[in-house]
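S.K.: Pasting structure.cif below, which is mmCIF, C-alpha atoms.
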data_target
#
loop_
_atom_site.label_atom_id
_atom_site.label_comp_id
_atom_site.auth_asym_id
_atom_site.auth_seq_id
_atom_site.Cartn_x
_atom_site.Cartn_y
_atom_site.Cartn_z
CA MET R 1 -21.89 60.74 9.69
CA LYS R 2 -19.82 57.70 8.82
CA ARG R 3 -16.29 57.85 10.15
CA LEU R 4 -13.51 57.73 7.54
CA TYR R 5 -10.26 55.89 8.23
CA ALA R 6 -6.75 56.37 6.89
CA ASP R 7 -3.51 54.41 6.90
CA LEU R 8 -0.63 56.75 6.17
CA HIS R 9 2.17 54.20 6.14
CA LEU R 10 2.01 51.31 3.72
CA CYS R 11 5.42 50.03 2.62
CA PRO R 12 4.93 47.70 -0.36
CA ASN R 13 7.79 46.78 -2.65
CA LEU R 14 7.17 49.44 -5.31
CA LYS R 15 8.97 47.34 -7.96
CA ASP R 16 6.38 44.59 -7.47
CA SER R 17 3.28 46.12 -9.07
CA GLU R 18 1.18 43.05 -8.22
CA GLN R 19 1.86 43.54 -4.53
CA VAL R 20 1.01 47.24 -4.78
CA VAL R 21 -2.35 46.39 -6.41
CA CYS R 22 -3.06 43.63 -3.84
CA MET R 23 -2.31 45.90 -0.88
CA THR R 24 -4.41 48.71 -2.33
CA ARG R 25 -7.38 46.37 -2.83
CA LYS R 26 -6.91 44.96 0.63
CA ALA R 27 -6.93 48.47 2.15
CA SER R 28 -10.21 49.19 0.38
CA GLU R 29 -11.66 45.83 1.54
CA LEU R 30 -10.64 46.52 5.12
CA GLY R 31 -12.53 49.81 5.08
CA TYR R 32 -9.86 52.48 4.59
CA HIS R 33 -10.84 55.69 2.83
CA LEU R 34 -7.30 56.96 2.32
CA ILE R 35 -3.86 55.34 2.13
CA ALA R 36 -0.35 56.70 1.77
CA MET R 37 2.66 54.76 0.53
CA SER R 38 6.20 55.46 1.50
CA LEU R 39 7.96 56.60 -1.70
CA PRO R 40 11.64 57.34 -2.40
CA SER R 41 12.45 61.05 -2.73
CA ASN R 42 13.40 60.67 -6.42
CA PHE R 43 10.17 58.84 -7.32
CA PRO R 44 8.97 60.18 -10.71
CA GLY R 45 5.71 62.12 -10.96
CA GLU R 46 4.26 59.78 -13.64
CA LYS R 47 4.65 56.81 -11.34
CA ILE R 48 2.87 58.68 -8.56
CA GLN R 49 0.03 59.25 -11.03
CA GLN R 50 0.03 55.50 -11.83
CA LEU R 51 -0.32 54.73 -8.11
CA ARG R 52 -3.16 57.24 -7.90
CA ASN R 53 -4.94 55.45 -10.76
CA ILE R 54 -4.49 52.04 -9.10
CA CYS R 55 -6.02 53.45 -5.92
CA LYS R 56 -8.84 55.07 -7.87
CA GLU R 57 -9.72 51.68 -9.37
CA ALA R 58 -9.77 50.17 -5.88
CA LYS R 59 -11.97 53.08 -4.70
CA VAL R 60 -9.51 54.37 -2.15
CA ASP R 61 -7.91 57.80 -1.98
CA PHE R 62 -4.10 58.04 -2.32
CA ALA R 63 -1.64 60.46 -0.74
CA SER R 64 2.05 60.58 -1.67
CA ARG R 65 4.49 60.32 1.22
CA VAL R 66 8.24 60.56 1.56
CA ASP R 67 10.29 59.36 4.54
CA LEU R 68 13.37 61.47 5.21
CA LYS R 69 16.34 60.13 7.14
CA PRO R 70 18.68 63.13 7.35
CA ARG R 71 21.94 62.97 9.30
CA THR R 72 22.18 66.66 10.09
CA PRO R 73 19.64 69.50 10.59
CA LYS R 74 21.04 71.21 7.48
CA GLU R 75 20.42 68.11 5.38
CA LEU R 76 16.84 68.05 6.70
CA ILE R 77 16.24 71.71 5.78
CA ASN R 78 17.62 71.16 2.27
CA SER R 79 15.47 68.08 1.73
CA LEU R 80 12.38 69.89 2.97
CA ARG R 81 13.07 72.80 0.62
CA LYS R 82 13.32 70.40 -2.34
CA LEU R 83 10.51 68.00 -1.51
CA ARG R 84 7.79 69.88 0.37
CA ARG R 85 5.91 70.88 -2.78
CA ARG R 86 6.24 67.44 -4.39
CA PHE R 87 4.76 65.23 -1.66
CA GLU R 88 1.53 65.45 0.33
CA ILE R 89 3.05 63.96 3.47
CA ILE R 90 6.59 64.33 4.81
CA ALA R 91 7.73 62.03 7.60
CA VAL R 92 11.09 62.31 9.32
CA MET R 93 12.94 59.39 10.87
CA TYR R 94 15.80 60.37 13.09
CA GLU R 95 19.44 59.56 13.35
CA SER R 96 20.35 62.17 15.98
CA LYS R 97 18.80 64.39 18.61
CA HIS R 98 19.69 67.59 16.69
CA VAL R 99 17.71 66.37 13.70
CA ALA R 100 14.81 65.40 15.96
CA ARG R 101 14.65 68.90 17.45
CA GLN R 102 14.88 70.59 14.04
CA ALA R 103 12.12 68.35 12.63
CA ALA R 104 9.84 68.98 15.60
CA LYS R 105 10.01 72.76 15.20
CA ASP R 106 9.79 72.88 11.39
CA ARG R 107 6.23 73.50 10.19
CA ARG R 108 6.93 71.66 6.93
CA VAL R 109 7.26 68.31 8.73
CA ASP R 110 4.02 66.33 9.10
CA LEU R 111 5.03 63.18 10.93
CA LEU R 112 7.69 62.38 13.49
CA ASN R 113 8.55 58.71 13.28
CA PHE R 114 11.07 57.00 15.56
CA PRO R 115 13.10 53.86 15.00
CA LEU R 116 10.99 51.38 16.90
CA THR R 117 13.70 48.87 17.59
CA SER R 118 16.72 51.01 18.45
CA PHE R 119 15.60 52.36 21.81
CA ARG R 120 18.58 54.70 22.21
CA LYS R 121 17.39 56.72 19.22
CA ARG R 122 13.90 57.44 20.55
CA PHE R 123 14.06 61.15 21.24
CA PHE R 124 10.38 61.88 21.87
CA ASP R 125 10.68 63.54 25.27
CA LYS R 126 8.98 66.59 26.80
CA ALA R 127 11.22 69.10 24.95
CA GLU R 128 10.52 67.40 21.64
CA ALA R 129 6.78 67.31 22.36
CA GLU R 130 6.71 70.99 23.27
CA LEU R 131 8.41 71.93 19.99
CA ALA R 132 6.05 69.65 18.05
CA SER R 133 2.98 71.11 19.75
CA ASN R 134 3.98 74.59 18.53
CA SER R 135 4.46 73.39 14.97
CA LEU R 136 2.18 71.13 12.93
CA ALA R 137 3.96 67.82 13.41
CA SER R 138 2.18 64.69 14.61
CA PHE R 139 3.68 61.73 16.41
CA GLU R 140 3.43 58.58 14.30
CA ILE R 141 3.28 55.06 15.72
CA ASP R 142 3.68 52.06 13.44
CA ILE R 143 1.82 48.91 14.42
CA LYS R 144 4.03 46.47 12.48
CA PRO R 145 6.74 46.08 15.17
CA LEU R 146 4.03 45.34 17.75
CA LEU R 147 2.97 42.40 15.59
CA THR R 148 6.37 41.11 14.62
CA LEU R 149 8.37 41.55 17.82
CA GLU R 150 8.08 39.07 20.67
CA GLY R 151 9.18 38.72 24.26
CA PRO R 152 11.51 41.30 25.86
CA ALA R 153 11.79 43.40 22.69
CA ARG R 154 8.01 43.90 22.57
CA ILE R 155 7.87 44.58 26.31
CA ARG R 156 10.51 47.29 25.91
CA LEU R 157 8.75 48.77 22.92
CA LEU R 158 5.40 48.91 24.76
CA SER R 159 7.08 50.57 27.70
CA SER R 160 8.60 53.28 25.45
CA LEU R 161 5.33 53.78 23.58
CA ARG R 162 3.39 54.14 26.84
CA ARG R 163 5.71 56.95 27.99
CA GLU R 164 5.74 58.68 24.61
CA ALA R 165 1.96 58.47 24.10
CA ALA R 166 1.43 60.02 27.54
CA ILE R 167 3.87 62.87 26.70
CA ALA R 168 2.20 63.45 23.32
CA LYS R 169 -1.21 63.63 24.97
CA ALA R 170 -0.01 65.99 27.70
CA PHE R 171 1.43 68.40 25.13
CA HIS R 172 -1.52 68.05 22.71
CA VAL R 173 0.61 66.57 19.94
CA PRO R 174 -1.72 64.63 17.60
CA ILE R 175 -0.98 60.90 17.48
CA VAL R 176 -1.25 59.04 14.17
CA VAL R 177 -1.39 55.25 14.19
CA SER R 178 -0.30 53.61 10.94
CA SER R 179 0.23 50.01 9.95
CA GLY R 180 3.77 50.20 8.48
CA ALA R 181 2.74 47.02 6.65
CA SER R 182 5.04 45.58 4.01
CA ASN R 183 2.63 42.84 2.95
CA GLU R 184 -1.09 42.12 2.93
CA LEU R 185 -1.08 39.87 5.99
CA LEU R 186 0.28 42.67 8.17
CA MET R 187 -2.65 44.93 7.30
CA ARG R 188 -5.45 45.20 9.82
CA LYS R 189 -8.96 46.68 9.93
CA PRO R 190 -8.95 50.28 11.30
CA ARG R 191 -10.47 49.29 14.65
CA GLU R 192 -7.76 46.67 15.23
CA PRO R 193 -4.74 49.02 15.40
CA ALA R 194 -6.95 51.20 17.60
CA ALA R 195 -7.50 48.21 19.91
CA LEU R 196 -3.76 47.52 19.95
CA THR R 197 -3.10 51.03 21.24
CA SER R 198 -4.79 50.00 24.50
CA LEU R 199 -1.56 48.05 25.13
CA PHE R 200 0.19 51.36 25.73
CA ASP R 201 -2.72 52.96 27.60
CA LEU R 202 -4.16 55.17 24.89
CA ASP R 203 -7.86 55.71 25.58
CA GLU R 204 -10.43 54.53 23.03
CA ALA R 205 -11.48 57.98 21.77
CA SER R 206 -7.86 59.06 21.14
CA ALA R 207 -7.12 55.71 19.49
CA ILE R 208 -10.00 56.08 17.04
CA GLU R 209 -8.94 59.67 16.27
CA ALA R 210 -5.40 58.40 15.63
CA VAL R 211 -6.63 56.24 12.74
CA SER R 212 -9.28 58.62 11.41
CA LYS R 213 -9.42 62.33 12.24
CA ASN R 214 -5.71 63.05 12.78
CA PRO R 215 -4.29 61.47 9.58
CA LEU R 216 -7.12 62.86 7.45
CA ALA R 217 -6.53 66.36 8.86
CA ILE R 218 -2.85 66.24 7.79
CA VAL R 219 -3.72 65.28 4.22
CA LYS R 220 -6.55 67.83 3.98
CA ARG R 221 -4.30 70.64 5.26
CA ASN R 222 -1.46 69.77 2.88
CA ARG R 223 -3.70 69.37 -0.16
CA GLU R 224 -5.07 72.80 0.52
CA LYS R 225 -1.53 74.20 0.73
CA LEU R 226 -0.40 72.43 -2.43
CA SER R 227 -3.39 73.66 -4.43
CA PRO R 228 -2.53 76.45 -6.92
CA ASN R 229 -5.24 78.66 -5.35
CA PHE R 230 -3.53 78.72 -1.95
CA VAL R 231 -2.02 82.06 -0.92
CA ALA R 232 -1.56 81.81 2.85
CA PRO R 233 -3.36 80.01 5.70
CA GLY R 234 -6.97 81.23 5.49
CA ILE R 235 -6.44 83.03 2.19
CA ARG R 236 -7.07 81.45 -1.20
CA ILE R 237 -7.99 82.57 -4.67
CA ILE R 238 -11.66 81.95 -5.37
CA ARG R 239 -11.91 83.52 -8.82
CA GLY R 240 -9.43 85.00 -11.29
CA GLY R 241 -9.71 86.99 -14.56
CA LYS R 242 -10.77 90.40 -15.83
CA ASP R 243 -14.24 90.40 -14.24
CA CYS R 244 -12.88 90.28 -10.68
CA MET O 245 -26.67 39.23 44.13
CA LEU O 246 -24.43 37.61 41.55
CA LYS O 247 -24.26 39.77 38.46
CA ARG O 248 -25.17 38.09 35.18
CA MET O 249 -22.18 38.02 32.84
CA ARG O 250 -22.95 39.57 29.47
CA ARG O 251 -21.33 38.00 26.44
CA ARG O 252 -20.27 39.30 23.07
CA TYR O 253 -20.16 37.16 19.95
CA LEU O 254 -17.42 37.90 17.41
CA ALA O 255 -17.53 36.79 13.77
CA LEU O 256 -13.98 36.35 12.47
CA LYS O 257 -12.35 36.00 9.08
CA ILE O 258 -9.12 34.04 8.84
CA ASP O 259 -6.93 35.50 6.13
CA SER O 260 -4.37 32.97 4.88
CA ASN O 261 -3.48 30.80 1.91
CA GLU O 262 -3.64 27.71 4.16
CA THR O 263 -6.54 26.01 5.91
CA PHE O 264 -6.35 25.32 9.61
CA SER O 265 -8.18 23.01 11.98
CA SER O 266 -10.31 24.56 14.71
CA ARG O 267 -7.74 23.38 17.25
CA ASP O 268 -4.88 25.20 15.48
CA PHE O 269 -7.03 28.30 15.28
CA MET O 270 -7.97 28.30 18.97
CA ASP O 271 -4.37 27.53 19.97
CA ALA O 272 -3.27 30.66 18.09
CA VAL O 273 -5.99 32.75 19.74
CA TRP O 274 -5.19 31.50 23.25
CA ASN O 275 -1.44 31.99 22.69
CA ALA O 276 -2.01 35.58 21.55
CA VAL O 277 -4.18 36.36 24.60
CA LEU O 278 -1.66 34.68 26.92
CA LYS O 279 1.31 36.56 25.41
CA LEU O 280 -0.34 39.97 25.67
CA TYR O 281 -2.35 39.68 28.90
CA GLY O 282 -0.97 36.68 30.76
CA GLU O 283 -2.89 33.89 32.47
CA TYR O 284 -4.93 36.29 34.61
CA GLY O 285 -6.14 38.23 31.55
CA ALA O 286 -6.83 35.03 29.62
CA SER O 287 -8.91 33.66 32.50
CA ARG O 288 -11.10 36.79 32.46
CA SER O 289 -11.80 36.57 28.71
CA GLY O 290 -13.98 33.42 28.80
CA LEU O 291 -13.10 32.65 25.19
CA THR O 292 -15.10 29.86 23.56
CA LEU O 293 -15.31 28.68 19.97
CA ILE O 294 -18.93 28.55 18.77
CA ASP O 295 -18.67 27.91 15.05
CA TYR O 296 -15.81 27.18 12.69
CA ASP O 297 -15.58 26.71 8.93
CA ALA O 298 -12.03 25.86 7.84
CA GLU O 299 -12.82 26.05 4.10
CA LYS O 300 -14.35 29.52 4.25
CA GLY O 301 -11.89 30.72 6.91
CA PHE O 302 -14.77 31.77 9.12
CA ALA O 303 -15.15 31.47 12.88
CA VAL O 304 -17.46 32.63 15.65
CA ILE O 305 -16.18 32.96 19.20
CA HIS O 306 -17.68 34.46 22.31
CA THR O 307 -16.08 36.44 25.08
CA MET O 308 -17.17 38.53 28.07
CA HIS O 309 -18.36 42.03 27.16
CA THR O 310 -15.70 43.55 29.44
CA THR O 311 -12.87 41.93 27.49
CA VAL O 312 -13.96 42.61 23.89
CA GLU O 313 -11.23 45.21 23.21
CA MET O 314 -8.67 42.95 24.85
CA VAL O 315 -9.64 40.04 22.58
CA ARG O 316 -9.72 42.34 19.56
CA ALA O 317 -6.15 43.46 20.29
CA ALA O 318 -5.00 39.86 20.83
CA LEU O 319 -6.61 38.76 17.55
CA ALA O 320 -4.95 41.65 15.71
CA SER O 321 -1.55 40.58 17.08
CA ILE O 322 -1.78 37.13 15.45
CA THR O 323 0.56 36.88 12.47
CA LYS O 324 0.97 33.10 12.30
CA ILE O 325 -1.19 30.03 12.81
CA ARG O 326 0.69 26.72 13.01
CA ASP O 327 3.80 28.62 11.82
CA LYS O 328 2.06 29.66 8.59
CA PRO O 329 1.49 33.38 7.87
CA ALA O 330 -2.08 34.39 8.70
CA ALA O 331 -4.17 37.29 9.90
CA ILE O 332 -7.50 37.37 11.71
CA HIS O 333 -10.03 40.16 11.12
CA VAL O 334 -13.11 40.87 13.19
CA LEU O 335 -16.08 41.01 10.79
CA THR O 336 -18.72 42.02 13.30
CA ILE O 337 -19.59 41.91 16.99
CA SER O 338 -22.99 41.29 18.51
CA GLY O 339 -24.73 40.51 21.79
CA THR O 340 -26.61 37.45 20.49
CA ILE O 341 -25.75 34.74 17.99
CA ARG O 342 -28.94 35.38 16.03
CA ALA O 343 -28.15 39.09 15.60
CA LEU O 344 -24.58 38.21 14.64
CA TYR O 345 -25.65 35.95 11.77
CA LYS O 346 -28.23 38.53 10.68
CA LYS O 347 -25.52 41.22 10.54
CA ILE O 348 -23.20 38.93 8.52
CA GLN O 349 -25.97 38.15 6.01
CA GLN O 350 -26.62 41.86 5.54
#
Could you express the structure from this file as structure tokens?

M.R.:
Amino acid sequence: MKRLYADLHLCPNLKDSEQVVCMTRKASELGYHLIAMSLPSNFPGEKIQQLRNICKEAKVDFASRVDLKPRTPKELINSLRKLRRRFEIIAVMYESKHVARQAAKDRRVDLLNFPLTSFRKRFFDKAEAELASNSLASFEIDIKPLLTLEGPARIRLLSSLRREAAIAKAFHVPIVVSSGASNELLMRKPREPAALTSLFDLDEASAIEAVSKNPLAIVKRNREKLSPNFVAPGIRIIRGGKDC
Amino acid sequence: MLKRMRRRYLALKIDSNETFSSRDFMDAVWNAVLKLYGEYGASRSGLTLIDYDAEKGFAVIHTMHTTVEMVRAALASITKIRDKPAAIHVLTISGTIRALYKKIQQ
């Protein structure tokens, strides 16, 4: 069976519709089956539908994603309560360790994303990984900083990623590799981000899963939950009406 | 006995609004390999330009089969050629030039 690939983190300028269309077409050309764009939390539903139509024209599946940057655990819980049923993917970017811990243990969070340039705010340690492994959160790595940084900054980033990828693997936390691309020229074919992960010692099989199986599993699980027929994990309505 | 070195041929697409000479292109590739893997890594890659079409943005290079993933990562890390924004995508990889061109035609 042909492997399907996904990029869960495209960051086009949503006000520039031409760029959105170009990046969507490019994703389809490069061989992606599914893409997700980072949307603001107050993004209207009609516009999400417009994005879905653009992706449909380009023959690529679309998933809505919101990036939360809460300052306190309480703010995170409130945002999750408001937004979980509106977006297919919820990613959390941290400001503090308390928020990181809360996000890792909350089953409504899909992706844990860390500021790739401020090394003091990278809280993905063993405790964080253990909490994440008991919930449903995956560890997300953006490729963009690996392409744009140079010299000591990239060396430091690779060193952090090597440690964090090893921790994630040890605690069976799924790793998701995304592009984080803000323009077409930062987008790569699915096998290329997978090759770049060898820089922080991720083996080939895990790297391929990080751009295919793991992101697709998140979207599949959430779509199932967001469907009106969903009751609880493993339970869903198959048929309704008087004849049941 | 000396082991025969197996090669892999890579067909590449250069994605940019500009056109570049083969020299600019190879400079960018070598710089990327050097930055990521150093001189030792670059010496193991055995990179050679086989074919280059500046107008179509198409190139064929060969490398050792042991360093294919290394070269793929280095190519993916290229964001500029001659200080102009660009990206390089691997179209296909093959063990012989003939099979490579056949795959591209398909």

S.K.: Using the chain letters and residue numbers of this document, give as an MDAnalysis selection string the residues selected by the PyMOL selection byres ((chain O) within 6 of (chain R)).

M.R.: chainID O and resid 313 317 320:321 331

S.K.: Could you take the residues named above and write them with C-alpha atoms, as a short mmCIF file (atom, residue, chain, number, x, y, z; two decimals), keeping the file's coordinate frame?

M.R.:
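Output below, filename again.cif:
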data_model
loop_
_atom_site.label_atom_id
_atom_site.label_comp_id
_atom_site.auth_asym_id
_atom_site.auth_seq_id
_atom_site.Cartn_x
_atom_site.Cartn_y
_atom_site.Cartn_z
CA GLU O 313 -11.23 45.21 23.21
CA ALA O 317 -6.15 43.46 20.29
CA ALA O 320 -4.95 41.65 15.71
CA SER O 321 -1.55 40.58 17.08
CA ALA O 331 -4.17 37.29 9.90
#

S.K.: Residues within 12 Å of (-23.1, 34.2, 15.4), file coordinates, counting all atoms listed in the file: what are they? Give the list as a PyMOL selection string.

M.R.: chain O and resi 251-256+293-296+302-306+335-349

S.K.: Just give me the gap between atom CA of R:Val92 and atom CA of R:Ser159 in Å, one decimal is fine.

M.R.: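 It comes out at 22.2 Å.
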
S.K.: What residues come out when you apply the PyMOL selection byres ((chain R and resi 119-133) around 8) to this file, written as a ChimeraX atom specification?

M.R.: /R:94-97,100-101,104-105,114-118,134-138,157,160,164,167-168,171-173

S.K.: Expressed in Å to a single decimal, how great is the separation between atom CA of R:Ser41 and atom CA of R:Val66?

M.R.: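 Computed distance, atom CA of R:Ser41 to atom CA of R:Val66, equals 6.0 Å.
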
S.K.: Would you please work out which residue, of R:Arg85, R:Lys15, R:Arg236, R:Lys69, is nearest to R:Ala103 when using only C-alpha atoms?

M.R.: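 Among the listed residues, the smallest separation from R:Ala103 belongs to R:Lys69.
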
S.K.: Work out how far atom CA of R:Ser179 is from atom CA of R:Met93, in Å to one decimal.

M.R.: 15.8 Å

S.K.: Let me know the residues the PyMOL selection byres ((chain O and resi 274) around 12) catches in the file above, as a ChimeraX atom specification.

M.R.: /O:267-273,275-283,285-287,289-293,305,315,318-319,321-322,325

S.K.: Counting only C-alpha atoms, which residue out of R:Leu39, R:Cys22, R:Ala170, R:Leu111 sits closest to R:Arg86?

M.R.: R:Leu39

S.K.: Here is a test: counting all atoms listed in the file, which residue of R:Val20, R:Ile235, R:Leu216, R:Ala6 is nearest to R:Arg52?

M.R.: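 Going through R:Val20, R:Ile235, R:Leu216, R:Ala6 one by one, the smallest distance to R:Arg52 is for R:Val20.
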
S.K.: If I put a ball of radius 8 Å at (14.4, 67.1, 6.4) in the file's coordinates, which residues poke into it when counting all atoms listed in the file, written as a count of residues only?

M.R.: 14

S.K.: Here is a test: counting all atoms listed in the file, which residue of R:Ala210, R:Ala58, R:Ile48, R:Ile89 is nearest to R:Leu4?

M.R.: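 Distance minimum relative to R:Leu4 lands on R:Ala210.
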
S.K.: Using only C-alpha atoms, which residue out of O:Asp327, O:Val334, O:Met308, O:Ser265 lies closest to O:Arg248?

M.R.: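 Looking at the shortest contact to O:Arg248, the residue is O:Met308.
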